[in-house]
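Containing mmCIF, C-alpha atoms and all ligand atoms: entry-v1.cif.
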data_start
#
loop_
_atom_site.label_atom_id
_atom_site.label_comp_id
_atom_site.auth_asym_id
_atom_site.auth_seq_id
_atom_site.Cartn_x
_atom_site.Cartn_y
_atom_site.Cartn_z
CA MET K 18 89.94 -8.88 89.82
CA ASN K 19 91.12 -11.14 87.10
CA ASN K 20 88.57 -13.77 88.12
CA ARG K 21 85.82 -11.18 88.27
CA ARG K 22 86.67 -9.98 84.77
CA LYS K 23 86.63 -13.57 83.54
CA PHE K 24 83.25 -14.05 85.22
CA LEU K 25 81.85 -10.88 83.63
CA ASN K 26 83.20 -11.86 80.25
CA ARG K 27 81.62 -15.26 80.58
CA SER K 28 78.28 -13.75 81.62
CA LEU K 29 78.35 -11.39 78.66
CA LEU K 30 79.17 -14.30 76.37
CA GLY K 31 76.27 -16.20 77.90
CA LEU K 32 73.92 -13.28 77.26
CA ALA K 33 75.10 -12.97 73.67
CA THR K 34 74.56 -16.68 73.10
CA MET K 35 71.12 -16.43 74.67
CA SER K 36 70.11 -13.57 72.44
CA PHE K 37 71.38 -15.44 69.37
CA SER K 38 69.45 -18.55 70.19
CA LYS K 39 66.46 -16.41 71.13
CA SER K 40 66.46 -14.67 67.77
CA PHE K 41 66.66 -18.04 66.07
CA ALA K 42 64.00 -19.57 68.30
CA ALA K 43 61.31 -16.95 67.61
CA PRO K 44 58.02 -18.91 67.52
CA LYS K 45 57.16 -19.91 63.99
CA VAL K 46 54.86 -22.43 62.42
CA LYS K 47 56.67 -25.57 61.36
CA LYS K 48 56.17 -26.42 57.68
CA LYS K 49 56.74 -30.13 57.54
CA PRO K 50 57.32 -32.49 55.99
CA ILE K 51 59.36 -30.81 53.30
CA VAL K 52 62.18 -31.80 50.98
CA ILE K 53 64.31 -29.46 48.87
CA SER K 54 66.97 -30.39 46.33
CA THR K 55 69.39 -28.91 43.83
CA TRP K 56 68.32 -28.39 40.22
CA ASP K 57 65.08 -29.12 38.39
CA SER K 58 66.15 -32.75 38.17
CA GLY K 59 65.26 -32.69 41.89
CA ILE K 60 61.54 -33.04 41.18
CA PRO K 61 61.51 -36.87 40.82
CA VAL K 62 64.13 -37.07 43.56
CA ASN K 63 61.88 -35.13 45.95
CA GLU K 64 58.95 -37.30 44.93
CA ALA K 65 60.87 -40.44 45.93
CA ALA K 66 61.81 -38.81 49.24
CA MET K 67 58.20 -37.72 49.83
CA GLU K 68 57.09 -41.38 49.58
CA VAL K 69 58.91 -41.81 52.90
CA LEU K 70 58.03 -38.42 54.41
CA LYS K 71 54.29 -38.68 53.81
CA ASN K 72 54.12 -41.38 56.49
CA THR K 73 53.78 -40.06 60.03
CA ASN K 74 56.86 -41.96 61.13
CA GLY K 75 58.85 -41.55 57.90
CA ARG K 76 62.43 -40.51 58.76
CA ALA K 77 64.18 -37.66 56.99
CA LEU K 78 67.29 -39.87 56.84
CA ASP K 79 65.47 -42.63 54.90
CA ALA K 80 63.86 -39.99 52.70
CA VAL K 81 67.12 -38.37 51.59
CA GLU K 82 68.68 -41.77 50.90
CA LYS K 83 65.67 -42.83 48.78
CA GLY K 84 65.75 -39.53 46.92
CA ALA K 85 69.45 -39.84 46.13
CA ASN K 86 69.01 -43.50 45.08
CA ASN K 87 66.35 -42.37 42.62
CA ILE K 88 68.74 -40.22 40.60
CA GLU K 89 71.66 -42.64 41.03
CA ASP K 90 69.48 -45.12 39.12
CA THR K 91 69.07 -42.84 36.11
CA ILE K 92 71.53 -41.72 33.45
CA ASN K 93 72.71 -38.13 33.66
CA CYS K 94 75.94 -36.25 33.25
CA CYS K 95 76.67 -35.63 36.84
CA VAL K 96 75.43 -38.29 39.24
CA GLY K 97 76.01 -42.03 39.50
CA LEU K 98 77.73 -44.50 37.21
CA GLY K 99 76.16 -42.95 34.08
CA GLY K 100 77.95 -39.66 34.78
CA ASN K 101 80.91 -38.08 33.05
CA PRO K 102 84.24 -39.83 33.66
CA ASP K 103 87.55 -38.38 34.81
CA ARG K 104 90.21 -37.54 32.25
CA GLU K 105 91.29 -41.16 32.11
CA GLY K 106 87.80 -42.29 31.23
CA ARG K 107 86.80 -43.70 34.64
CA VAL K 108 83.67 -42.69 36.55
CA THR K 109 84.50 -41.96 40.19
CA LEU K 110 81.77 -41.12 42.68
CA ASP K 111 81.55 -38.89 45.77
CA ALA K 112 78.68 -38.89 48.28
CA SER K 113 77.83 -37.96 51.85
CA ILE K 114 74.93 -38.22 54.25
CA MET K 115 74.18 -36.65 57.65
CA ASP K 116 71.36 -37.28 60.11
CA ASP K 117 69.68 -35.39 62.94
CA LYS K 118 72.11 -36.63 65.60
CA MET K 119 75.37 -35.37 64.09
CA ASN K 120 76.10 -38.79 62.61
CA CYS K 121 77.66 -38.55 59.19
CA GLY K 122 79.35 -40.68 56.57
CA GLY K 123 80.82 -40.39 53.12
CA VAL K 124 82.59 -42.08 50.26
CA ALA K 125 84.92 -40.46 47.75
CA PHE K 126 86.72 -41.48 44.56
CA MET K 127 84.70 -44.71 44.57
CA GLU K 128 84.21 -46.73 41.38
CA ASN K 129 81.75 -49.35 40.13
CA ILE K 130 79.11 -49.03 42.85
CA LYS K 131 75.66 -47.87 41.78
CA HIS K 132 74.41 -46.31 45.03
CA PRO K 133 77.24 -44.34 46.66
CA ILE K 134 74.78 -42.63 49.02
CA SER K 135 73.80 -45.98 50.52
CA VAL K 136 77.46 -46.89 50.98
CA ALA K 137 77.95 -43.50 52.70
CA ARG K 138 75.11 -44.43 55.05
CA LYS K 139 76.77 -47.75 55.82
CA VAL K 140 80.02 -45.92 56.57
CA MET K 141 78.03 -43.75 58.98
CA GLU K 142 76.16 -46.58 60.66
CA ASP K 143 78.50 -49.57 60.51
CA THR K 144 82.00 -48.13 60.93
CA PRO K 145 83.78 -45.88 63.44
CA HIS K 146 84.81 -43.63 60.50
CA VAL K 147 83.24 -40.81 58.53
CA LEU K 148 84.90 -41.16 55.12
CA LEU K 149 86.18 -44.06 53.02
CA VAL K 150 87.85 -43.49 49.66
CA GLY K 151 88.82 -45.29 46.46
CA ASP K 152 89.42 -49.03 46.53
CA GLY K 153 88.83 -49.11 50.28
CA ALA K 154 85.34 -47.67 49.80
CA ARG K 155 84.57 -50.08 46.98
CA GLN K 156 85.85 -53.06 48.94
CA PHE K 157 83.76 -52.01 51.95
CA ALA K 158 80.68 -51.69 49.71
CA ILE K 159 81.18 -55.18 48.29
CA GLU K 160 81.59 -56.59 51.80
CA LYS K 161 78.28 -54.95 52.66
CA GLY K 162 76.56 -56.70 49.75
CA PHE K 163 76.71 -54.01 47.05
CA VAL K 164 77.37 -55.32 43.54
CA ALA K 165 80.47 -54.24 41.60
CA GLU K 166 79.20 -53.02 38.24
CA PRO K 167 81.32 -53.33 35.08
CA ASP K 168 83.56 -50.47 33.91
CA VAL K 169 81.34 -49.25 31.09
CA LEU K 170 80.56 -45.64 30.31
CA SER K 171 76.96 -44.73 29.53
CA LYS K 172 76.33 -43.86 25.88
CA ASP K 173 76.00 -40.17 26.73
CA ALA K 174 79.13 -40.13 28.87
CA GLN K 175 81.11 -41.93 26.16
CA LYS K 176 80.07 -39.29 23.61
CA ALA K 177 80.91 -36.47 26.00
CA TYR K 178 84.28 -38.05 26.76
CA ASP K 179 85.13 -38.60 23.07
CA ASN K 180 84.24 -34.97 22.50
CA TRP K 181 86.35 -33.83 25.42
CA LEU K 182 89.34 -35.87 24.25
CA LYS K 183 89.61 -33.69 21.14
CA LYS K 184 90.99 -30.85 23.27
CA SER K 185 91.63 -32.65 26.55
CA GLU K 186 91.58 -29.49 28.60
CA TYR K 187 90.18 -29.38 32.10
CA LYS K 188 87.70 -26.55 32.20
CA PRO K 189 84.56 -26.51 34.32
CA VAL K 190 81.64 -25.19 32.28
CA LYS K 191 79.36 -23.08 34.46
CA ASN K 192 75.69 -23.49 33.86
CA ILE K 193 74.66 -19.98 32.93
CA GLU K 194 71.04 -18.96 32.53
CA LEU K 195 70.95 -19.19 28.77
CA GLN K 196 71.92 -22.83 28.79
CA GLN K 197 69.54 -23.49 31.62
CA ASN K 198 66.69 -21.89 29.69
CA LYS K 199 67.53 -23.92 26.61
CA ALA K 200 67.25 -27.02 28.76
CA PHE K 201 63.98 -25.82 30.27
CA GLN K 202 62.53 -25.19 26.82
CA LYS K 203 63.40 -28.69 25.81
CA GLY K 204 61.61 -29.76 28.94
CA SER K 205 64.36 -32.09 29.94
CA GLY K 206 66.32 -30.16 32.54
CA PRO K 207 70.03 -29.51 32.58
CA PHE K 208 70.88 -33.15 32.07
CA ALA K 209 69.55 -33.31 28.51
CA PRO K 210 71.68 -35.69 26.41
CA GLN K 211 72.20 -33.09 23.69
CA MET K 212 73.79 -30.88 26.33
CA LEU K 213 76.15 -33.67 27.19
CA GLU K 214 77.24 -34.17 23.62
CA ASN K 215 77.94 -30.49 23.28
CA GLY K 216 79.81 -30.54 26.55
CA ASP K 217 77.62 -27.62 27.69
CA PHE K 218 77.45 -28.97 31.21
CA ASN K 219 80.17 -31.01 32.81
CA HIS K 220 79.21 -30.88 36.45
CA ASP K 221 76.25 -30.59 38.88
CA THR K 222 75.41 -32.48 42.04
CA MET K 223 72.19 -33.92 43.36
CA ALA K 224 71.93 -32.73 46.92
CA LEU K 225 68.82 -32.80 49.07
CA LEU K 226 67.63 -31.80 52.54
CA ALA K 227 64.52 -33.04 54.33
CA LEU K 228 62.51 -32.20 57.45
CA ASP K 229 60.21 -35.01 58.60
CA ASN K 230 56.95 -35.03 60.55
CA SER K 231 58.84 -35.44 63.81
CA GLY K 232 60.73 -32.22 63.07
CA ASN K 233 64.06 -33.93 62.34
CA LEU K 234 66.42 -32.88 59.58
CA SER K 235 68.76 -34.92 57.37
CA GLY K 236 70.71 -34.35 54.17
CA ALA K 237 72.37 -36.27 51.33
CA CYS K 238 74.68 -35.32 48.50
CA THR K 239 75.69 -37.56 45.55
CA THR K 240 77.75 -36.82 42.45
CA SER K 241 80.20 -38.04 39.84
CA GLY K 242 81.90 -34.69 40.41
CA MET K 243 83.51 -32.46 37.82
CA GLY K 244 83.58 -34.17 34.44
CA PHE K 245 87.07 -34.88 33.05
CA LYS K 246 88.70 -34.08 36.39
CA MET K 247 92.20 -35.27 37.29
CA ARG K 248 92.28 -38.86 38.46
CA GLY K 249 91.90 -38.91 42.21
CA ARG K 250 90.26 -35.48 42.43
CA VAL K 251 87.61 -35.23 45.14
CA GLY K 252 85.13 -32.36 45.35
CA ASP K 253 83.10 -30.84 48.16
CA SER K 254 80.23 -33.32 48.07
CA PRO K 255 81.70 -36.04 50.35
CA ILE K 256 83.29 -33.51 52.72
CA ILE K 257 81.08 -32.90 55.74
CA GLY K 258 80.91 -29.17 56.43
CA ALA K 259 81.71 -28.29 52.82
CA GLY K 260 79.19 -30.02 50.53
CA LEU K 261 76.73 -30.91 53.29
CA TYR K 262 76.00 -30.02 56.90
CA VAL K 263 73.07 -30.72 59.20
CA ASP K 264 72.54 -29.38 62.71
CA ASN K 265 69.16 -30.55 63.94
CA GLU K 266 68.87 -27.61 66.35
CA VAL K 267 69.24 -25.06 63.58
CA GLY K 268 69.04 -26.20 59.98
CA ALA K 269 70.83 -27.86 57.09
CA CYS K 270 72.67 -26.80 53.96
CA THR K 271 74.11 -28.43 50.87
CA SER K 272 75.74 -27.26 47.66
CA SER K 273 76.32 -27.75 43.98
CA GLY K 274 78.98 -26.19 41.79
CA GLN K 275 82.74 -25.83 41.81
CA GLY K 276 83.69 -27.99 44.79
CA GLU K 277 87.11 -26.47 45.34
CA GLU K 278 85.50 -23.09 46.07
CA VAL K 279 82.97 -24.57 48.49
CA VAL K 280 85.70 -26.40 50.41
CA ARG K 281 87.70 -23.15 50.71
CA ILE K 282 85.00 -21.56 52.88
CA ALA K 283 83.60 -24.76 54.51
CA GLY K 284 80.45 -23.58 52.77
CA SER K 285 77.58 -25.67 54.15
CA HIS K 286 78.77 -25.37 57.73
CA LEU K 287 79.12 -21.62 57.27
CA VAL K 288 75.53 -21.33 56.04
CA VAL K 289 74.24 -23.31 59.03
CA GLU K 290 76.21 -21.04 61.37
CA PHE K 291 74.65 -17.96 59.75
CA MET K 292 71.21 -19.52 60.32
CA ARG K 293 72.17 -20.13 63.95
CA GLN K 294 72.72 -16.39 64.24
CA GLY K 295 69.12 -15.85 63.18
CA LYS K 296 69.55 -15.35 59.44
CA SER K 297 66.91 -16.70 57.07
CA PRO K 298 68.02 -19.63 54.89
CA GLU K 299 68.24 -17.39 51.81
CA MET K 300 70.20 -14.69 53.64
CA ALA K 301 72.53 -17.30 55.12
CA CYS K 302 73.23 -18.73 51.64
CA LYS K 303 73.75 -15.20 50.29
CA MET K 304 76.27 -14.34 53.01
CA ALA K 305 78.28 -17.49 52.25
CA ILE K 306 78.25 -16.67 48.54
CA GLU K 307 79.45 -13.13 49.32
CA ARG K 308 82.31 -14.61 51.36
CA LEU K 309 83.24 -16.74 48.38
CA VAL K 310 82.97 -14.01 45.74
CA LYS K 311 85.14 -11.70 47.85
CA ILE K 312 88.11 -14.05 47.39
CA ASN K 313 88.27 -13.31 43.67
CA PRO K 314 85.25 -11.50 42.22
CA LYS K 315 86.45 -11.58 38.60
CA LYS K 316 87.11 -15.30 38.65
CA ALA K 317 83.83 -15.97 40.45
CA LYS K 318 81.91 -14.05 37.83
CA GLU K 319 83.66 -15.46 34.81
CA GLU K 320 84.83 -18.91 35.65
CA PHE K 321 82.58 -20.83 37.96
CA GLN K 322 79.25 -21.40 39.59
CA VAL K 323 78.37 -22.32 43.17
CA GLY K 324 74.86 -22.59 44.57
CA PHE K 325 73.74 -23.31 48.14
CA ILE K 326 70.32 -24.51 49.27
CA ALA K 327 69.30 -24.37 52.94
CA LEU K 328 66.40 -25.54 55.09
CA ASN K 329 65.89 -24.51 58.69
CA LYS K 330 64.26 -26.26 61.61
CA TYR K 331 60.97 -24.48 60.88
CA GLY K 332 60.73 -25.73 57.32
CA GLU K 333 61.74 -22.36 55.87
CA TYR K 334 64.02 -22.70 52.87
CA GLY K 335 66.14 -20.60 50.56
CA ALA K 336 69.01 -20.65 48.09
CA PHE K 337 71.59 -18.36 46.55
CA ALA K 338 74.19 -18.71 43.78
CA ILE K 339 77.15 -16.81 42.37
CA ASN K 340 75.79 -16.62 38.86
CA PRO K 341 72.32 -16.87 37.33
CA GLY K 342 71.12 -20.31 36.25
CA PHE K 343 70.91 -22.13 39.57
CA VAL K 344 67.48 -23.60 40.30
CA PHE K 345 66.18 -25.81 43.08
CA SER K 346 63.15 -28.04 43.69
CA VAL K 347 60.77 -27.88 46.65
CA THR K 348 58.15 -30.49 47.58
CA THR K 349 55.80 -30.43 50.57
CA ALA K 350 53.32 -33.14 49.56
CA PRO K 351 53.23 -35.91 46.93
CA GLY K 352 52.97 -34.42 43.46
CA ASN K 353 53.30 -30.73 44.39
CA GLY K 354 57.00 -30.25 43.57
CA LYS K 355 57.95 -26.86 42.14
CA VAL K 356 61.16 -25.52 40.63
CA ILE K 357 62.40 -22.16 41.92
CA LYS K 358 65.08 -19.94 40.39
CA ALA K 359 67.69 -18.99 42.97
CA LYS K 360 68.79 -15.37 43.21
CA SER K 361 72.42 -14.75 42.38
CA TYR K 362 75.25 -12.35 43.25
CA PHE K 363 75.91 -11.46 39.61
CA ASN K 364 73.09 -10.94 37.15
N1 LIG K 401 80.24 -29.97 43.60
C1 LIG K 401 80.59 -30.97 42.65
C2 LIG K 401 82.08 -31.18 42.68
O1 LIG K 401 82.83 -30.22 42.78
C3 LIG K 401 80.15 -30.70 41.26
C4 LIG K 401 78.89 -29.91 41.08
O2 LIG K 401 78.02 -29.91 41.91
O3 LIG K 401 78.77 -29.22 40.08
O4 LIG K 401 82.51 -32.29 42.51
#
How does the structure come out when it is put into structure tokens?
Amino acid sequence: MNNRRKFLNRSLLGLATMSFSKSFAAPKVKKKPIVISTWDSGIPVNEAAMEVLKNTNGRALDAVEKGANNIEDTINCCVGLGGNPDREGRVTLDASIMDDKMNCGGVAFMENIKHPISVARKVMEDTPHVLLVGDGARQFAIEKGFVAEPDVLSKDAQKAYDNWLKKSEYKPVKNIELQQNKAFQKGSGPFAPQMLENGDFNHDTMALLALDNSGNLSGACTTSGMGFKMRGRVGDSPIIGAGLYVDNEVGACTSSGQGEEVVRIAGSHLVVEFMRQGKSPEMACKMAIERLVKINPKKAKEEFQVGFIALNKYGEYGAFAINPGFVFSVTTAPGNGKVIKAKSYFN
């Protein structure tokens, strides 16, 4: 009797699983290649990724690495060595990467290395580990041929830091719509230097997801994290399942915003699981945001921002944020990148 019940339970479970995968596997046209990324600063990033994806054999994994490298080479508040420092004046970088075969790698709290995403890829491909941090990560990078750059803040970061020192209080500044629009009007995106001086923005991550011509997904996430954070603080970006997750059978998700909140709900993994249940990428992102807001609606509304972007196996994409102001970039062919405003829980 007991065995029969177990058997029936198992069969029912099997049926439920079948209907889930069936609802996800409804026949749809694949839109590929495609790359999506966080923020309007994602347009040149997508373009760099598309250089790889436009080739028949271009791999999504190479594309997301190239895209991330592109922004790591530029100066902005929130990615790479030009980003805002921690409260002791040191820039520390977090990054992660994940491919279509569940391989993943990351670095966290790493200093002096220009391309953290490429070090994350080396962790994934050349070590038995998934995450290296601090001096260990830097040492590994140098062993792999990366150059240790000097400890110098970019001009913008130095100004922002000097400004921050006046009060020295740790307070994430959420990028609300007004500020975003100001940046749009100036045509320079949220990383405009004048914004840095004013301290209007002190965080944002470059995170991107790609689907290649072979139908494979990959993702990458790179950041200098929250500006003026405590020394040693690590956000969601290098944590697989929080800041980034890729399941090649279903879809991929990545995030930007207050990392602590994303970690709390294992955000990117949660979004992928919602997509596995048949939800559209936008709906999946929305459901994860609802989960997050529920923890403390007042705080979520007033104190921080989180935005998810997601891409499924069919090339369908979507995003959702807690507060207005989150935008993302979508590119399906060289030169056709567009910026889309994400919907948000609060208006
Ligand atoms: N998620 C990043 C962190 O918490 C920052 C951001 O994307 O705004 O470090």
### Message
Report as a PyMOL selection string all protein, DNA and RNA residues lying within 7 Å of segment 109-111 of chain K, evaluated on all atoms listed in the file, omitting residues in the same chain fewer than 5 positions from it.
### Response
chain K and resi 97+102+124-128+133+239-242+254-255
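Each of K:Ile312, K:Val289, K:Ala305, K:Ala338 was compared to ligand LIG 401 (chain K) using only C-alpha atoms and all ligand atoms, and K:Ala338 turns out to be the nearest.
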### Task
Could you pull out the residues sitting within 6 Å of ligand LIG 401 (chain K), using only C-alpha atoms and all ligand atoms, and write them as a PyMOL selection string?
chain K and resi 220-222+242-243+252-254+273-276
Hey, can you spit out that residue selection with C-alpha atoms as a PDB file, keeping the file's coordinate frame?
ATOM      1  CA  HIS K 220      79.210 -30.880  36.450  1.00  0.00           C
ATOM      2  CA  ASP K 221      76.250 -30.590  38.880  1.00  0.00           C
ATOM      3  CA  THR K 222      75.410 -32.480  42.040  1.00  0.00           C
ATOM      4  CA  GLY K 242      81.900 -34.690  40.410  1.00  0.00           C
ATOM      5  CA  MET K 243      83.510 -32.460  37.820  1.00  0.00           C
ATOM      6  CA  GLY K 252      85.130 -32.360  45.350  1.00  0.00           C
ATOM      7  CA  ASP K 253      83.100 -30.840  48.160  1.00  0.00           C
ATOM      8  CA  SER K 254      80.230 -33.320  48.070  1.00  0.00           C
ATOM      9  CA  SER K 273      76.320 -27.750  43.980  1.00  0.00           C
ATOM     10  CA  GLY K 274      78.980 -26.190  41.790  1.00  0.00           C
ATOM     11  CA  GLN K 275      82.740 -25.830  41.810  1.00  0.00           C
ATOM     12  CA  GLY K 276      83.690 -27.990  44.790  1.00  0.00           C
TER      13      GLY K 276
END
### Nearest residue to Asp79 of chain K from the set K:Ala317, K:Ile357, K:Ala112, K:Ala66 (distances using only C-alpha atoms)
K:Ala66
### Task
Could you check how far atom CA of Ser58 of chain K sits from atom CA of Asn93 of chain K, in Å to one decimal?
9.6 Å
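Distance-wise, atom CA of Ser346 of chain K and atom CA of Asn120 of chain K end up 25.3 Å apart.
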### Query
Just how far from atom CA of Ala154 of chain K is atom CA of Val136 of chain K, in Å to one decimal?
8.0 Å
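Distances from K:Lys318, K:Lys183, K:Lys131, K:His146 to Glu166 of chain K were compared using all atoms listed in the file, and the smallest one belongs to K:Lys131.
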### Task
Name all residues at most 9 Å from Ser272 of chain K (count all atoms listed in the file; drop same-chain ones fewer than 3 positions away) and give them as a ChimeraX atom specification.
/K:55,222-225,238,253-254,259-261,276,279,284-285,323-327
Given the selection you just returned, output its residues as a file containing C-alpha atoms, formatted as a CSV table (one decimal), in the frame of the given file.
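Result file follows (result_30.csv):
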chain,number,residue,atom,x,y,z
K,55,THR,CA,69.4,-28.9,43.8
K,222,THR,CA,75.4,-32.5,42.0
K,223,MET,CA,72.2,-33.9,43.4
K,224,ALA,CA,71.9,-32.7,46.9
K,225,LEU,CA,68.8,-32.8,49.1
K,238,CYS,CA,74.7,-35.3,48.5
K,253,ASP,CA,83.1,-30.8,48.2
K,254,SER,CA,80.2,-33.3,48.1
K,259,ALA,CA,81.7,-28.3,52.8
K,260,GLY,CA,79.2,-30.0,50.5
K,261,LEU,CA,76.7,-30.9,53.3
K,276,GLY,CA,83.7,-28.0,44.8
K,279,VAL,CA,83.0,-24.6,48.5
K,284,GLY,CA,80.4,-23.6,52.8
K,285,SER,CA,77.6,-25.7,54.2
K,323,VAL,CA,78.4,-22.3,43.2
K,324,GLY,CA,74.9,-22.6,44.6
K,325,PHE,CA,73.7,-23.3,48.1
K,326,ILE,CA,70.3,-24.5,49.3
K,327,ALA,CA,69.3,-24.4,52.9
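With all atoms listed in the file as the atoms that count, the residue of K:Thr348, K:Gly236, K:Gly342, K:Arg248 with the shortest distance to Met67 of chain K is K:Thr348.
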### Message
For Ala65 of chain K, find every residue with an atom within 9 Å (counting only C-alpha atoms), except residues of its own chain fewer than 6 positions away, and show them as an NGL selection string.
### Response
:K and (80-81 or 83-87 or 351)
Residues from last step as file, C-alpha atoms, as a tab-separated table (two decimals), keeping the file's coordinate frame:
chain	number	residue	atom	x	y	z
K	80	ALA	CA	63.86	-39.99	52.70
K	81	VAL	CA	67.12	-38.37	51.59
K	83	LYS	CA	65.67	-42.83	48.78
K	84	GLY	CA	65.75	-39.53	46.92
K	85	ALA	CA	69.45	-39.84	46.13
K	86	ASN	CA	69.01	-43.50	45.08
K	87	ASN	CA	66.35	-42.37	42.62
K	351	PRO	CA	53.23	-35.91	46.93
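Surrounding residues of (55.0, -35.8, 54.1) at most 10 Å away are K:Lys49, K:Pro50, K:Ile51, K:Val52, K:Ala66, K:Met67, K:Glu68, K:Val69, K:Leu70, K:Lys71, K:Asn72, K:Thr73, K:Asn74, K:Gly75, K:Arg76, K:Ala77, K:Ala80, K:Ala227, K:Leu228, K:Asp229, K:Asn230, K:Thr348, K:Thr349, K:Ala350, K:Pro351 (based on only C-alpha atoms).
Candidate residues K:Lys360, K:Arg281, K:Arg250, K:His286 were compared for distance to Asp264 of chain K, and the nearest is K:His286, using all atoms listed in the file.
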